[in-house]
Amino acid sequence: MRKLLFVGSALTIALSSSNVIADGKATYDASCAACHAAGVAGAPKTGDSGAWKDRVGQGMDVLVEHAVKGYQGKAGYMPPKGGFANLSDDEVKAAVEYMVENSK
Ligand code: HEC
């Protein structure tokens with residue numbers, strides 16, 4: 001029991017540590033690909049440079065803000081953090097960077 005408690009708190013520390021580098025691809029695969037891989041519900045497809053060109057033109061800050069806070073656009077509705085409220089802003093930002101990097 002003691003050991004379990006220890007493992008539990010070590011994990012909590014690891015998860016809440018700001019030193020953890022957000023893994024954009026892992027977040028994207030788990031939380032964003034459901035819509036953005038195939039372009040579900042109007043989501044701009046990852047890898048479709050035409051769909052991303054004008055969006056990227058808004059600047060990274062705007063894209064990240066729309067991804068974190070949610071965004072109703074002409075194509076559809078982007079839920080805040082893709083509907084995964086447990087994601088940190090940094091994780092969402094890393095996922096946006098991953099998507100943009102792979103949509104050029
Ligand atoms: C339920 C489906 C869905 C999920 C899940 C989802 N998105 Fe989206 N996303 C959308 C739709 C639809 C749009 C297009 C909105 C529009 O422009 O009309 C969009 C647009 C965006 C944009 C462009 C915003 C802009 O200003 O043009 C970014 C960036 C983005 N999503 C990031 C993410 C990230 C990061 C995740 C994962 C954490 C994610 N999305 C998960 C549906 C989704």
# chains A, B, ... in the order shown; residues from 1 in each chain; ligands from 1

call {"tool": "residues_near_ligand", "arguments": {"ligand": "ligand 1", "cutoff": "9 Å", "atoms": "only C-alpha atoms and all ligand atoms", "output": "PyMOL selection string"}}
result
chain A and resi 24+27-36+39-45+52+54-56+58-60+62-68+70-84+87+91-100

call {"tool": "select_by_dssp", "arguments": {"residues": "chain A", "states": "strand (DSSP E)", "output": "PyMOL selection string"}}
result
chain A and resi 71-72+77-78

call {"tool": "select_by_dssp", "arguments": {"residues": "chain A", "states": "alpha helix (DSSP H)", "output": "ChimeraX atom specification"}}
result
/A:2-16,24-27,33-36,49-57,60-69,89-101

call {"tool": "closest_residue", "arguments": {"among": "A:Lys25, A:Asp89, A:Ala51, A:Ala37", "to": "Lys69 of chain A", "atoms": "only C-alpha atoms"}}
result
A:Asp89

call {"tool": "atom_distance", "arguments": {"atom1": "atom CA of Asp23 of chain A", "atom2": "atom CA of Glu101 of chain A"}}
result
13.6 Å
